>>> print(open('structure_17.cif').read())   # mmCIF, C-alpha atoms
data_coords
#
loop_
_atom_site.label_atom_id
_atom_site.label_comp_id
_atom_site.auth_asym_id
_atom_site.auth_seq_id
_atom_site.Cartn_x
_atom_site.Cartn_y
_atom_site.Cartn_z
CA MET O 1 16.83 87.45 223.60
CA ALA O 2 13.75 88.78 221.83
CA ASP O 3 15.61 91.54 220.05
CA LYS O 4 18.66 89.50 219.18
CA LEU O 5 19.33 88.81 215.52
CA VAL O 6 18.50 85.20 214.64
CA LEU O 7 20.68 83.43 212.12
CA GLY O 8 19.64 80.66 209.74
CA VAL O 9 22.72 78.78 208.58
CA PHE O 10 22.83 76.60 205.46
CA VAL O 11 25.44 73.85 205.22
CA SER O 12 26.19 70.97 202.89
CA GLY O 13 29.18 69.46 204.67
CA GLY O 14 31.25 69.42 207.81
CA GLY O 15 30.17 72.84 208.94
CA THR O 16 33.35 74.24 210.49
CA ASN O 17 32.20 77.75 209.61
CA LEU O 18 28.87 76.94 211.28
CA GLN O 19 30.82 75.85 214.35
CA ALA O 20 32.80 79.10 214.36
CA ILE O 21 29.54 81.05 214.15
CA ILE O 22 27.92 79.05 216.95
CA ASP O 23 31.00 79.44 219.14
CA CYS O 24 31.10 83.21 218.58
CA CYS O 25 27.37 83.50 219.36
CA GLU O 26 27.86 81.52 222.57
CA ALA O 27 30.94 83.56 223.50
CA GLY O 28 29.09 86.79 222.83
CA THR O 29 31.47 88.06 220.12
CA ILE O 30 28.59 87.77 217.69
CA ASP O 31 25.51 89.46 219.09
CA ALA O 32 23.10 86.91 217.58
CA THR O 33 21.86 83.36 217.96
CA VAL O 34 21.69 80.51 215.50
CA GLY O 35 17.96 79.74 215.23
CA VAL O 36 18.06 76.95 212.70
CA VAL O 37 20.49 75.01 210.53
CA VAL O 38 19.38 73.74 207.13
CA SER O 39 21.09 71.25 204.87
CA ASP O 40 20.47 69.68 201.48
CA LYS O 41 22.34 66.60 202.75
CA ALA O 42 20.71 64.41 205.38
CA ASP O 43 24.10 63.25 206.62
CA ALA O 44 25.85 66.64 206.68
CA TYR O 45 27.90 66.78 209.84
CA GLY O 46 26.83 70.39 210.20
CA LEU O 47 23.36 69.15 211.19
CA GLU O 48 24.94 67.05 213.93
CA ARG O 49 26.91 70.06 215.15
CA ALA O 50 23.68 72.02 215.42
CA ARG O 51 21.93 69.29 217.40
CA LYS O 52 24.85 69.15 219.86
CA HIS O 53 24.13 72.79 220.66
CA GLY O 54 20.37 72.29 220.89
CA ILE O 55 19.78 74.10 217.61
CA PRO O 56 16.98 72.86 215.31
CA ALA O 57 18.58 71.04 212.35
CA VAL O 58 16.53 70.45 209.24
CA HIS O 59 17.24 68.43 206.14
CA VAL O 60 15.46 69.81 203.07
CA LYS O 61 15.81 67.56 200.08
CA LEU O 62 16.36 69.40 196.80
CA GLY O 63 15.61 68.29 193.31
CA LYS O 64 17.56 69.37 190.28
CA THR O 65 18.08 73.14 190.25
CA GLY O 66 15.05 74.77 188.64
CA SER O 67 12.84 71.68 188.94
CA THR O 68 9.45 71.73 190.64
CA ALA O 69 10.93 69.89 193.62
CA TRP O 70 13.63 72.56 193.87
CA GLU O 71 11.03 75.33 193.75
CA GLN O 72 9.07 73.60 196.49
CA ALA O 73 12.25 73.35 198.55
CA ASP O 74 12.80 77.08 198.02
CA ALA O 75 9.37 77.78 199.49
CA GLU O 76 10.03 75.32 202.30
CA HIS O 77 13.28 77.14 203.12
CA VAL O 78 11.40 80.41 203.47
CA ARG O 79 8.78 78.77 205.69
CA ILE O 80 11.42 77.23 207.97
CA LEU O 81 13.42 80.46 208.25
CA GLN O 82 10.34 82.53 209.03
CA GLU O 83 9.13 79.93 211.52
CA HIS O 84 12.38 80.51 213.44
CA ASP O 85 12.27 84.32 213.11
CA VAL O 86 15.50 84.34 211.12
CA GLY O 87 16.81 87.81 210.29
CA LEU O 88 20.00 86.83 208.49
CA VAL O 89 20.69 83.81 206.31
CA CYS O 90 24.30 82.58 206.31
CA LEU O 91 25.42 80.19 203.61
CA ALA O 92 28.33 78.29 205.12
CA GLY O 93 29.63 75.72 202.70
CA TYR O 94 26.22 75.33 201.11
CA MET O 95 26.86 73.89 197.67
CA ARG O 96 23.52 74.56 196.00
CA LYS O 97 21.94 77.62 194.45
CA ILE O 98 19.59 79.58 196.65
CA GLY O 99 16.11 80.00 195.19
CA PRO O 100 14.37 83.23 194.19
CA ARG O 101 11.75 83.08 196.96
CA LEU O 102 14.38 82.94 199.66
CA LEU O 103 16.32 85.78 198.03
CA GLU O 104 13.18 87.88 197.82
CA ALA O 105 12.03 87.13 201.36
CA PHE O 106 15.52 87.85 202.74
CA SER O 107 16.58 90.57 200.36
CA GLY O 108 19.89 92.08 201.49
CA ALA O 109 20.04 89.53 204.31
CA VAL O 110 21.78 86.53 202.76
CA LEU O 111 25.54 86.14 203.19
CA ASN O 112 27.93 83.66 201.66
CA ILE O 113 31.55 82.78 202.29
CA HIS O 114 33.89 81.71 199.53
CA PRO O 115 37.42 80.33 200.00
CA ALA O 116 39.12 82.62 197.48
CA LEU O 117 39.72 86.31 196.86
CA LEU O 118 36.75 86.92 194.58
CA PRO O 119 36.39 87.67 191.74
CA ALA O 120 39.34 85.26 191.35
CA PHE O 121 38.58 81.55 191.59
CA PRO O 122 34.81 81.32 191.95
CA GLY O 123 33.21 77.88 191.89
CA THR O 124 33.42 74.79 194.03
CA SER O 125 37.20 74.44 194.43
CA GLY O 126 38.55 77.95 194.86
CA GLN O 127 41.46 77.00 197.10
CA HIS O 128 42.64 74.21 194.82
CA ASP O 129 42.22 76.38 191.73
CA ALA O 130 44.33 79.08 193.40
CA ALA O 131 47.04 76.59 194.34
CA ASP O 132 47.10 75.21 190.79
CA TYR O 133 47.26 78.68 189.26
CA GLY O 134 50.34 79.51 191.29
CA VAL O 135 49.16 82.67 193.06
CA LYS O 136 51.28 83.91 195.97
CA VAL O 137 48.39 85.37 197.93
CA ALA O 138 45.10 83.61 198.57
CA GLY O 139 42.23 84.18 200.94
CA CYS O 140 38.53 84.20 201.52
CA THR O 141 35.59 86.48 200.82
CA VAL O 142 32.33 87.09 202.69
CA HIS O 143 29.75 88.71 200.44
CA PHE O 144 26.06 89.34 200.07
CA ALA O 145 24.63 86.48 198.04
CA ASP O 146 22.54 86.94 194.96
CA ALA O 147 21.05 84.60 192.39
CA GLU O 148 24.44 83.83 190.85
CA PHE O 149 27.27 82.03 192.60
CA ASP O 150 30.08 84.02 194.20
CA CYS O 151 29.39 87.47 192.83
CA GLY O 152 27.42 89.66 195.24
CA PRO O 153 28.81 92.78 196.95
CA ILE O 154 31.87 92.04 199.08
CA ILE O 155 31.85 92.71 202.83
CA ILE O 156 35.26 91.45 203.90
CA GLN O 157 38.25 89.67 202.45
CA ALA O 158 41.09 88.07 204.35
CA THR O 159 44.38 87.02 202.83
CA VAL O 160 46.95 84.34 203.53
CA PRO O 161 50.34 83.73 201.94
CA VAL O 162 50.77 80.75 199.65
CA LEU O 163 53.88 78.86 200.75
CA GLU O 164 56.39 77.11 198.54
CA ASP O 165 55.26 73.59 199.30
CA ASP O 166 51.53 74.20 199.51
CA ASP O 167 49.07 72.04 197.71
CA GLY O 168 45.35 72.68 197.56
CA ASP O 169 44.76 70.97 200.90
CA THR O 170 47.38 72.82 202.93
CA LEU O 171 46.32 76.09 201.38
CA ALA O 172 42.65 75.32 202.09
CA ALA O 173 43.48 74.70 205.76
CA ARG O 174 45.26 78.05 206.04
CA ILE O 175 42.38 79.86 204.34
CA LEU O 176 39.87 78.10 206.60
CA GLU O 177 41.45 79.69 209.68
CA GLN O 178 40.76 83.09 208.17
CA GLU O 179 37.22 82.08 207.21
CA HIS O 180 36.52 81.36 210.85
CA LYS O 181 37.45 84.96 211.69
CA ALA O 182 36.06 86.75 208.67
CA TYR O 183 32.56 85.26 208.70
CA PRO O 184 31.86 86.07 212.38
CA GLN O 185 33.17 89.61 211.76
CA ALA O 186 30.83 90.12 208.81
CA ILE O 187 27.88 88.74 210.79
CA GLN O 188 28.65 90.99 213.74
CA TRP O 189 28.78 94.03 211.47
CA PHE O 190 25.39 93.02 210.08
CA ALA O 191 24.04 92.53 213.62
CA GLU O 192 25.25 96.02 214.51
CA GLY O 193 23.48 97.46 211.49
CA ARG O 194 26.74 98.76 210.06
CA LEU O 195 26.61 97.37 206.53
CA ARG O 196 25.35 99.53 203.67
CA ILE O 197 25.19 98.22 200.11
CA GLU O 198 25.97 101.02 197.63
CA GLY O 199 25.86 99.60 194.14
CA ARG O 200 28.53 96.94 194.05
CA LYS O 201 30.27 98.25 197.15
CA VAL O 202 29.62 97.54 200.79
CA ARG O 203 30.31 100.33 203.20
CA VAL O 204 31.11 99.35 206.80
CA LEU O 205 29.98 102.24 208.98
CA ASP O 206 32.58 103.42 211.50
CA ALA O 207 35.12 100.94 210.22
CA LYS O 208 38.59 101.20 211.64
CA THR O 209 41.14 102.44 209.17
CA PRO O 210 43.87 99.83 208.77
CA ALA O 211 47.06 100.83 210.52
CA GLU O 212 50.22 101.52 208.56
CA GLY O 213 51.95 98.32 207.62
CA GLU O 214 48.86 96.16 207.57
CA ALA O 215 49.50 95.42 203.92
CA ILE O 216 51.27 92.15 203.45
CA ILE O 217 53.55 91.04 200.74
CA SER O 218 53.92 87.39 200.05
CA PRO O 219 56.46 85.93 199.80
CA PRO O 220 57.67 88.48 202.31
CA VAL O 221 59.88 91.26 201.07
CA GLU O 222 63.44 90.67 202.12
CA ILE O 223 64.93 93.60 200.32
CA ASP O 224 66.12 96.40 202.54
CA GLN O 225 65.26 99.76 201.07
CA MET F 1 80.57 95.22 186.73
CA ALA F 2 81.19 92.66 184.00
CA ASP F 3 79.34 89.90 185.78
CA LYS F 4 76.47 92.03 186.98
CA LEU F 5 73.04 91.32 185.55
CA VAL F 6 72.02 93.97 183.02
CA LEU F 7 68.38 95.01 182.87
CA GLY F 8 66.48 96.27 179.85
CA VAL F 9 63.39 98.14 181.01
CA PHE F 10 60.38 98.83 178.78
CA VAL F 11 58.09 101.75 179.63
CA SER F 12 55.17 103.53 178.01
CA GLY F 13 54.57 106.25 180.55
CA GLY F 14 55.86 108.01 183.62
CA GLY F 15 58.14 105.20 184.66
CA THR F 16 57.87 105.28 188.45
CA ASN F 17 58.60 101.57 188.56
CA LEU F 18 61.64 102.22 186.36
CA GLN F 19 62.73 104.87 188.86
CA ALA F 20 62.34 102.43 191.76
CA ILE F 21 64.45 99.89 189.87
CA ILE F 22 67.16 102.45 189.04
CA ASP F 23 67.22 103.65 192.65
CA CYS F 24 67.56 100.11 193.99
CA CYS F 25 70.32 99.34 191.50
CA GLU F 26 72.18 102.49 192.55
CA ALA F 27 71.61 101.75 196.23
CA GLY F 28 72.83 98.19 195.78
CA THR F 29 69.64 96.52 196.94
CA ILE F 30 69.28 95.14 193.43
CA ASP F 31 72.51 93.54 192.31
CA ALA F 32 72.13 94.66 188.69
CA THR F 33 72.35 97.70 186.45
CA VAL F 34 69.84 99.18 184.04
CA GLY F 35 71.58 98.94 180.66
CA VAL F 36 68.90 100.41 178.43
CA VAL F 37 65.37 101.77 178.60
CA VAL F 38 63.02 101.28 175.65
CA SER F 39 59.69 102.95 175.00
CA ASP F 40 57.02 102.85 172.32
CA LYS F 41 56.29 106.50 173.14
CA ALA F 42 58.81 109.16 172.16
CA ASP F 43 57.60 111.42 174.95
CA ALA F 44 57.41 108.82 177.71
CA TYR F 45 58.79 110.45 180.83
CA GLY F 46 60.49 107.14 181.60
CA LEU F 47 62.97 107.89 178.81
CA GLU F 48 63.77 111.19 180.47
CA ARG F 49 64.30 109.47 183.80
CA ALA F 50 66.78 107.10 182.14
CA ARG F 51 68.75 109.96 180.56
CA LYS F 52 68.99 111.72 183.93
CA HIS F 53 70.85 108.66 185.18
CA GLY F 54 73.05 108.37 182.10
CA ILE F 55 71.19 105.30 180.88
CA PRO F 56 70.66 104.85 177.12
CA ALA F 57 67.03 105.62 176.31
CA VAL F 58 65.59 104.43 173.02
CA HIS F 59 62.27 105.12 171.36
CA VAL F 60 61.16 102.26 169.12
CA LYS F 61 58.06 103.13 167.13
CA LEU F 62 55.58 100.29 166.81
CA GLY F 63 53.00 99.68 164.19
CA LYS F 64 49.71 97.92 164.80
CA THR F 65 50.24 94.69 166.72
CA GLY F 66 51.02 91.91 164.23
CA SER F 67 51.84 94.30 161.38
CA THR F 68 55.12 94.20 159.46
CA ALA F 69 56.24 97.37 161.26
CA TRP F 70 55.50 95.69 164.57
CA GLU F 71 57.48 92.61 163.59
CA GLN F 72 60.39 94.83 162.60
CA ALA F 73 60.18 96.59 165.94
CA ASP F 74 60.26 93.19 167.63
CA ALA F 75 63.54 92.40 165.86
CA GLU F 76 64.84 95.87 166.69
CA HIS F 77 64.04 95.31 170.36
CA VAL F 78 66.12 92.13 170.37
CA ARG F 79 69.00 93.89 168.62
CA ILE F 80 68.97 96.76 171.13
CA LEU F 81 68.77 94.46 174.14
CA GLN F 82 71.59 92.25 172.90
CA GLU F 83 73.70 95.29 172.03
CA HIS F 84 73.49 96.28 175.71
CA ASP F 85 74.14 92.74 177.01
CA VAL F 86 70.74 92.63 178.68
CA GLY F 87 70.12 89.54 180.76
CA LEU F 88 66.65 90.38 182.07
CA VAL F 89 63.86 92.32 180.39
CA CYS F 90 61.54 94.19 182.77
CA LEU F 91 58.23 95.48 181.46
CA ALA F 92 57.35 98.41 183.68
CA GLY F 93 54.13 100.00 182.57
CA TYR F 94 54.71 98.95 178.97
CA MET F 95 51.31 98.98 177.35
CA ARG F 96 52.02 96.96 174.20
CA LYS F 97 52.35 93.25 173.49
CA ILE F 98 55.88 91.90 173.42
CA GLY F 99 56.78 90.16 170.15
CA PRO F 100 57.70 86.52 169.63
CA ARG F 101 61.35 87.20 168.75
CA LEU F 102 61.96 88.99 172.02
CA LEU F 103 60.19 86.26 173.96
CA GLU F 104 62.26 83.59 172.22
CA ALA F 105 65.56 85.46 172.62
CA PHE F 106 64.82 86.14 176.29
CA SER F 107 62.93 82.99 177.16
CA GLY F 108 62.32 82.84 180.91
CA ALA F 109 63.89 86.28 181.29
CA VAL F 110 61.02 88.71 180.74
CA LEU F 111 59.16 90.04 183.77
CA ASN F 112 56.02 92.16 183.96
CA ILE F 113 54.28 94.00 186.76
CA HIS F 114 50.52 94.35 186.93
CA PRO F 115 48.59 96.55 189.39
CA ALA F 116 46.12 93.87 190.51
CA LEU F 117 46.10 90.49 192.20
CA LEU F 118 46.12 88.38 189.08
CA PRO F 119 44.24 86.49 187.79
CA ALA F 120 41.72 89.09 188.97
CA PHE F 121 41.52 92.33 186.99
CA PRO F 122 43.88 91.83 184.06
CA GLY F 123 43.99 94.51 181.39
CA THR F 124 44.88 98.16 181.26
CA SER F 125 42.98 99.48 184.30
CA GLY F 126 43.35 96.83 186.99
CA GLN F 127 43.26 99.24 189.93
CA HIS F 128 40.15 101.04 188.70
CA ASP F 129 38.42 97.78 187.85
CA ALA F 130 39.17 96.52 191.37
CA ALA F 131 37.80 99.70 192.94
CA ASP F 132 34.66 99.51 190.81
CA TYR F 133 34.13 95.85 191.65
CA GLY F 134 34.18 96.61 195.35
CA VAL F 135 36.94 94.26 196.49
CA LYS F 136 38.32 94.81 199.99
CA VAL F 137 41.85 93.69 199.19
CA ALA F 138 43.82 94.77 196.14
CA GLY F 139 47.47 94.61 195.18
CA CYS F 140 50.03 93.99 192.50
CA THR F 141 51.64 91.03 190.79
CA VAL F 142 55.09 90.51 189.30
CA HIS F 143 55.14 87.60 186.89
CA PHE F 144 57.08 86.07 184.06
CA ALA F 145 55.64 87.47 180.85
CA ASP F 146 54.48 85.35 177.98
CA ALA F 147 52.76 86.04 174.68
CA GLU F 148 49.46 86.86 176.37
CA PHE F 149 48.85 89.79 178.67
CA ASP F 150 48.96 89.31 182.43
CA CYS F 151 49.02 85.54 182.64
CA GLY F 152 52.53 84.14 183.07
CA PRO F 153 53.80 82.36 186.21
CA ILE F 154 53.60 84.57 189.31
CA ILE F 155 56.73 85.48 191.27
CA ILE F 156 55.38 87.79 193.93
CA GLN F 157 52.12 89.45 194.95
CA ALA F 158 51.69 92.28 197.40
CA THR F 159 48.38 93.31 198.91
CA VAL F 160 46.87 96.54 200.17
CA PRO F 161 43.56 97.18 201.89
CA VAL F 162 40.84 99.00 199.99
CA LEU F 163 39.54 101.79 202.19
CA GLU F 164 35.97 103.02 202.48
CA ASP F 165 36.44 106.19 200.49
CA ASP F 166 38.84 104.91 197.88
CA ASP F 167 38.33 105.56 194.24
CA GLY F 168 40.47 104.11 191.47
CA ASP F 169 43.07 106.85 191.82
CA THR F 170 43.60 106.62 195.58
CA LEU F 171 43.70 102.84 195.35
CA ALA F 172 46.17 103.01 192.45
CA ALA F 173 48.48 105.22 194.52
CA ARG F 174 48.44 102.76 197.41
CA ILE F 175 49.13 99.83 195.10
CA LEU F 176 51.96 101.74 193.42
CA GLU F 177 53.85 101.93 196.71
CA GLN F 178 53.80 98.15 196.85
CA GLU F 179 54.82 97.87 193.19
CA HIS F 180 57.95 99.83 194.02
CA LYS F 181 58.88 97.18 196.60
CA ALA F 182 57.66 94.07 194.84
CA TYR F 183 59.35 94.63 191.48
CA PRO F 184 62.84 95.23 192.93
CA GLN F 185 62.38 92.15 195.11
CA ALA F 186 61.48 89.98 192.12
CA ILE F 187 64.43 91.33 190.13
CA GLN F 188 66.82 90.72 193.00
CA TRP F 189 65.62 87.13 193.30
CA PHE F 190 66.21 86.71 189.58
CA ALA F 191 69.67 88.28 189.92
CA GLU F 192 70.46 85.82 192.70
CA GLY F 193 69.39 82.91 190.50
CA ARG F 194 66.70 81.91 192.97
CA LEU F 195 63.65 81.68 190.69
CA ARG F 196 62.56 78.32 189.28
CA ILE F 197 59.56 78.01 187.00
CA GLU F 198 57.78 74.71 187.62
CA GLY F 199 54.75 74.53 185.35
CA ARG F 200 52.57 77.45 186.37
CA LYS F 201 54.34 77.92 189.69
CA VAL F 202 57.42 79.89 190.53
CA ARG F 203 59.56 78.54 193.31
CA VAL F 204 61.74 81.03 195.18
CA LEU F 205 64.76 79.10 196.45
CA ASP F 206 65.52 79.64 200.13
CA ALA F 207 62.49 81.88 200.56
CA LYS F 208 61.69 82.99 204.06
CA THR F 209 58.58 81.46 205.50
CA PRO F 210 56.13 84.23 206.41
CA ALA F 211 55.92 84.76 210.13
CA GLU F 212 52.76 84.02 212.05
CA GLY F 213 50.28 86.83 211.72
CA GLU F 214 51.50 88.10 208.37
CA ALA F 215 48.08 87.41 206.92
CA ILE F 216 45.99 90.53 206.79
CA ILE F 217 42.31 90.93 206.89
CA SER F 218 40.79 93.99 205.39
CA PRO F 219 38.83 95.77 206.71
CA PRO F 220 40.69 94.80 209.85
CA VAL F 221 39.11 92.33 212.20
CA GLU F 222 37.75 94.04 215.24
CA ILE F 223 36.11 91.05 216.79
CA ASP F 224 37.82 89.67 219.84
CA GLN F 225 37.90 85.90 219.79
#
>>> encode(input="structure_17.cif", output="C-alpha cells")
Amino acid sequence: MADKLVLGVFVSGGGTNLQAIIDCCEAGTIDATVGVVVSDKADAYGLERARKHGIPAVHVKLGKTGSTAWEQADAEHVRILQEHDVGLVCLAGYMRKIGPRLLEAFSGAVLNIHPALLPAFPGTSGQHDAADYGVKVAGCTVHFADAEFDCGPIIIQATVPVLEDDDGDTLAARILEQEHKAYPQAIQWFAEGRLRIEGRKVRVLDAKTPAEGEAIISPPVEIDQ
Amino acid sequence: MADKLVLGVFVSGGGTNLQAIIDCCEAGTIDATVGVVVSDKADAYGLERARKHGIPAVHVKLGKTGSTAWEQADAEHVRILQEHDVGLVCLAGYMRKIGPRLLEAFSGAVLNIHPALLPAFPGTSGQHDAADYGVKVAGCTVHFADAEFDCGPIIIQATVPVLEDDDGDTLAARILEQEHKAYPQAIQWFAEGRLRIEGRKVRVLDAKTPAEGEAIISPPVEIDQ
C-alpha cells in the first residue's frame, strides 16, 4: 500500500464519479486508493459515499472566490491533501475554482472531468447547453486542471450520440455513463506514469491505436457506399 | 429524372466532397443529380471534376464581401441555380460567405460541411485548430447554412479519434474520409424529405437509433471494468 498512488477527490454534489473511482480502486482496475474526499458543501452526498467506504470526508467551507476566506481554504486544502499523502487531485463535480496554492503544490497532478467535448460547452451546464445547441455528438472530457475552468490539456474524450428525443437530462445520463469509464481510465494512466504534457497536448505512452471502424457517426450512417 | 432533386454545389478548391457527392449520385446512393457546380475560383479543380462528369461548371467572380460586385454575384448565383432547377445548394469547401438573395431564394435548402465538431473550431482551419488544441476526438459537421459561418442547425456529425502523432494534415485526412460519408448521408436525407428544422435542432424522421456500443472513446478504453 505504501507505494500506491493516493487520490484526493473533490466533490460538490452527488459524487457518482467519486463512486466510480472508489469502485475501480476497490476492484483493482485503478491502481490507487482514495485517501480523502473534500467538499465545499457540508451536505454533499459525495461525503456520505466516502464515509461508507471508510474514507476520510472533509467539508471545507469556502468564501467568495478570491476572498481571504477562500485563500485560507486554499491553504487548508493543501494541508489536508498533504496530510493524507495525496499524489493526485481529482475534481469530480467540484463546482468551485481551485486556488493557486493547491495548483502549485500539485502542479501537473490535478485532473478535472467535464460533461462536454471541450472546448465546446464549458461552464456549469455543458450537457444541457449541448442539447439546446442541437449537436448530434456529445461527450465528456478528462483534462489537467489549471487556474481557469475547463481549459487544461486534454487526456481523454468519450463521445455519445445525441438521440432525436433527448433533452438535457437524458443526454446528461448517457454522458455520465461514459464519464464513469473515462475518468478511471485517465487516473489509471496517471498511476502508471504514462501521461506526458507537451504544450497543450497530452501524450499517453504506449497507447493502443484505435482499431479501424472505431470512429462513430451519429446519427448512424445508413447509406450504403 | 424530372422529379429527381437537383443539386447545385459550390466549391473553392479541390472538390473532394463534390466528387463524393457526384459518385454517390451516379451510384444511386444519393437520389439526386448534380445540376451545376459554381466556384469563386476560376482554377478550382472542383470545376474540372464537374466537367469530367458532363456537369455545367461556372466560375462566378466575387468582389469583396458586401461590395456591389459581391451583391451582383449573389444575384447571379440565384439566376444560375434557378436556370438549372436546383432544389438543394451544397457548399462543399466554399470559402466565401453566401449572399442574402441566395439564402432567401433557397431558404432551408442550403447545406454546408465543416471539418470540425461544431460549435468547436469554426473558421477556415478547423482540423488544424483541433490538432493544435490537443483534443482527443475530432470530426465533421453537416449543417443548414445561414448568413453566418458555421452556425446553422446541425444535421449530422461524424467523429474520428485523434492519434498520438497526428498533426493538422494527418487529422484532416482522417476527417475527410468521414466528410465523404456524412455529406452524402445528409443530402440523401434531404432528398427523402426527412429533415425537419425545429428551432436550432434538426430532426431526422425515422432515424435509426444507434446500437448499443456505438459510442467511442478515444484514446480507446483499456481498463477492464
>>> residues_around(input="structure_17.cif", residues="O:Ala120", least_positions_apart="4", cutoff="8 Å", atoms="only C-alpha atoms", output="ChimeraX atom specification")
/O:116 /F:118-120
>>> write_last_selection(input="structure_17.cif", atoms="C-alpha atoms", output="mmCIF file, keeping the file's coordinate frame")
data_model
loop_
_atom_site.group_PDB
_atom_site.id
_atom_site.type_symbol
_atom_site.label_atom_id
_atom_site.label_comp_id
_atom_site.auth_asym_id
_atom_site.auth_seq_id
_atom_site.Cartn_x
_atom_site.Cartn_y
_atom_site.Cartn_z
ATOM 1 C CA ALA O 116 39.120 82.620 197.480
ATOM 2 C CA LEU F 118 46.120 88.380 189.080
ATOM 3 C CA PRO F 119 44.240 86.490 187.790
ATOM 4 C CA ALA F 120 41.720 89.090 188.970
#
>>> residues_around(input="structure_17.cif", residues="F:Phe190", least_positions_apart="4", cutoff="10 Å", atoms="all atoms listed in the file", output="list in words")
Leu5, Ile30, Asp31, Ala32, Leu88, Ala109, Leu111, Ile155, Pro184, Gln185, Ala186, Arg194, Leu195, Arg196 and Val204 of chain F
>>> resolve_selection(input="structure_17.cif", expression="the PyMOL selection byres ((chain F and resi 43-54) around 9)", output="mmCIF file with C-alpha atoms, in the frame of the given file")
data_model
loop_
_atom_site.group_PDB
_atom_site.id
_atom_site.type_symbol
_atom_site.label_atom_id
_atom_site.label_comp_id
_atom_site.auth_asym_id
_atom_site.auth_seq_id
_atom_site.Cartn_x
_atom_site.Cartn_y
_atom_site.Cartn_z
ATOM 1 C CA PHE F 10 60.380 98.830 178.780
ATOM 2 C CA VAL F 11 58.090 101.750 179.630
ATOM 3 C CA SER F 12 55.170 103.530 178.010
ATOM 4 C CA GLY F 13 54.570 106.250 180.550
ATOM 5 C CA GLY F 14 55.860 108.010 183.620
ATOM 6 C CA GLY F 15 58.140 105.200 184.660
ATOM 7 C CA THR F 16 57.870 105.280 188.450
ATOM 8 C CA LEU F 18 61.640 102.220 186.360
ATOM 9 C CA GLN F 19 62.730 104.870 188.860
ATOM 10 C CA ILE F 22 67.160 102.450 189.040
ATOM 11 C CA VAL F 34 69.840 99.180 184.040
ATOM 12 C CA VAL F 36 68.900 100.410 178.430
ATOM 13 C CA VAL F 37 65.370 101.770 178.600
ATOM 14 C CA VAL F 38 63.020 101.280 175.650
ATOM 15 C CA SER F 39 59.690 102.950 175.000
ATOM 16 C CA ASP F 40 57.020 102.850 172.320
ATOM 17 C CA LYS F 41 56.290 106.500 173.140
ATOM 18 C CA ALA F 42 58.810 109.160 172.160
ATOM 19 C CA ILE F 55 71.190 105.300 180.880
ATOM 20 C CA PRO F 56 70.660 104.850 177.120
ATOM 21 C CA ALA F 57 67.030 105.620 176.310
ATOM 22 C CA VAL F 58 65.590 104.430 173.020
ATOM 23 C CA HIS F 59 62.270 105.120 171.360
#
>>> resolve_selection(input="structure_17.cif", expression="the PyMOL selection byres ((chain O and resi 85) around 9)", output="list in words")
Leu5, Val6, Leu7, Gly8, Gly35, Ile80, Leu81, Gln82, Glu83, His84, Val86 and Gly87 of chain O
>>> closest_residue(input="structure_17.cif", among="O:Phe144, O:Phe106, O:Tyr133, O:Phe149", to="chain F", atoms="all atoms listed in the file")
O:Tyr133
>>> atom_distance(input="structure_17.cif", atom1="atom CA of F:Met95", atom2="atom CA of F:Pro161")
25.8 Å
>>> atom_distance(input="structure_17.cif", atom1="atom CA of O:Pro122", atom2="atom CA of F:His143")
21.9 Å
>>> resolve_selection(input="structure_17.cif", expression="the PyMOL selection byres ((chain O and resi 71) around 12)", output="PyMOL selection string")
chain O and resi 60-70+72-78+97-102
>>> closest_residue(input="structure_17.cif", among="O:Asp206, O:Asp23, O:Asp150, O:Glu164", to="chain F", atoms="all atoms listed in the file")
O:Glu164
>>> closest_residue(input="structure_17.cif", among="O:Cys90, O:Leu205, O:Gly134, O:Ala145", to="F:Gln157", atoms="all atoms listed in the file")
O:Gly134
>>> atom_distance(input="structure_17.cif", atom1="atom CA of F:Val137", atom2="atom CA of F:Gln188")
25.9 Å
>>> closest_residue(input="structure_17.cif", among="O:Thr33, O:Thr170, O:Glu192, O:Val135", to="chain F", atoms="all atoms listed in the file")
O:Val135
>>> residues_around(input="structure_17.cif", residues="F:Arg174", least_positions_apart="6", cutoff="10 Å", atoms="all atoms listed in the file", output="count of residues only")
9
>>> closest_residue(input="structure_17.cif", among="O:Lys4, O:Arg79, O:Lys136, O:His180", to="chain F", atoms="all atoms listed in the file")
O:Lys136
>>> build_atoms(input="structure_17.cif", residues="stretch 158-166 of chain O", atoms="N, CA and C atoms", output="CSV table (one decimal), in the coordinates of the input")
chain,number,residue,atom,x,y,z
O,158,ALA,N,39.9,88.3,203.5
O,158,ALA,CA,41.1,88.1,204.4
O,158,ALA,C,42.1,87.3,203.5
O,159,THR,N,43.4,87.6,203.7
O,159,THR,CA,44.4,87.0,202.8
O,159,THR,C,45.3,86.1,203.6
O,160,VAL,N,45.9,85.2,203.0
O,160,VAL,CA,47.0,84.3,203.5
O,160,VAL,C,48.0,84.2,202.5
O,161,PRO,N,49.3,84.0,202.9
O,161,PRO,CA,50.3,83.7,201.9
O,161,PRO,C,50.2,82.3,201.4
O,162,VAL,N,50.6,82.1,200.2
O,162,VAL,CA,50.8,80.8,199.6
O,162,VAL,C,52.2,80.4,199.8
O,163,LEU,N,52.5,79.3,200.5
O,163,LEU,CA,53.9,78.9,200.8
O,163,LEU,C,54.4,77.9,199.7
O,164,GLU,N,55.7,77.8,199.6
O,164,GLU,CA,56.4,77.1,198.5
O,164,GLU,C,55.8,75.7,198.3
O,165,ASP,N,55.6,75.0,199.4
O,165,ASP,CA,55.3,73.6,199.3
O,165,ASP,C,53.8,73.3,199.5
O,166,ASP,N,53.0,74.4,199.4
O,166,ASP,CA,51.5,74.2,199.5
O,166,ASP,C,51.0,73.4,198.4
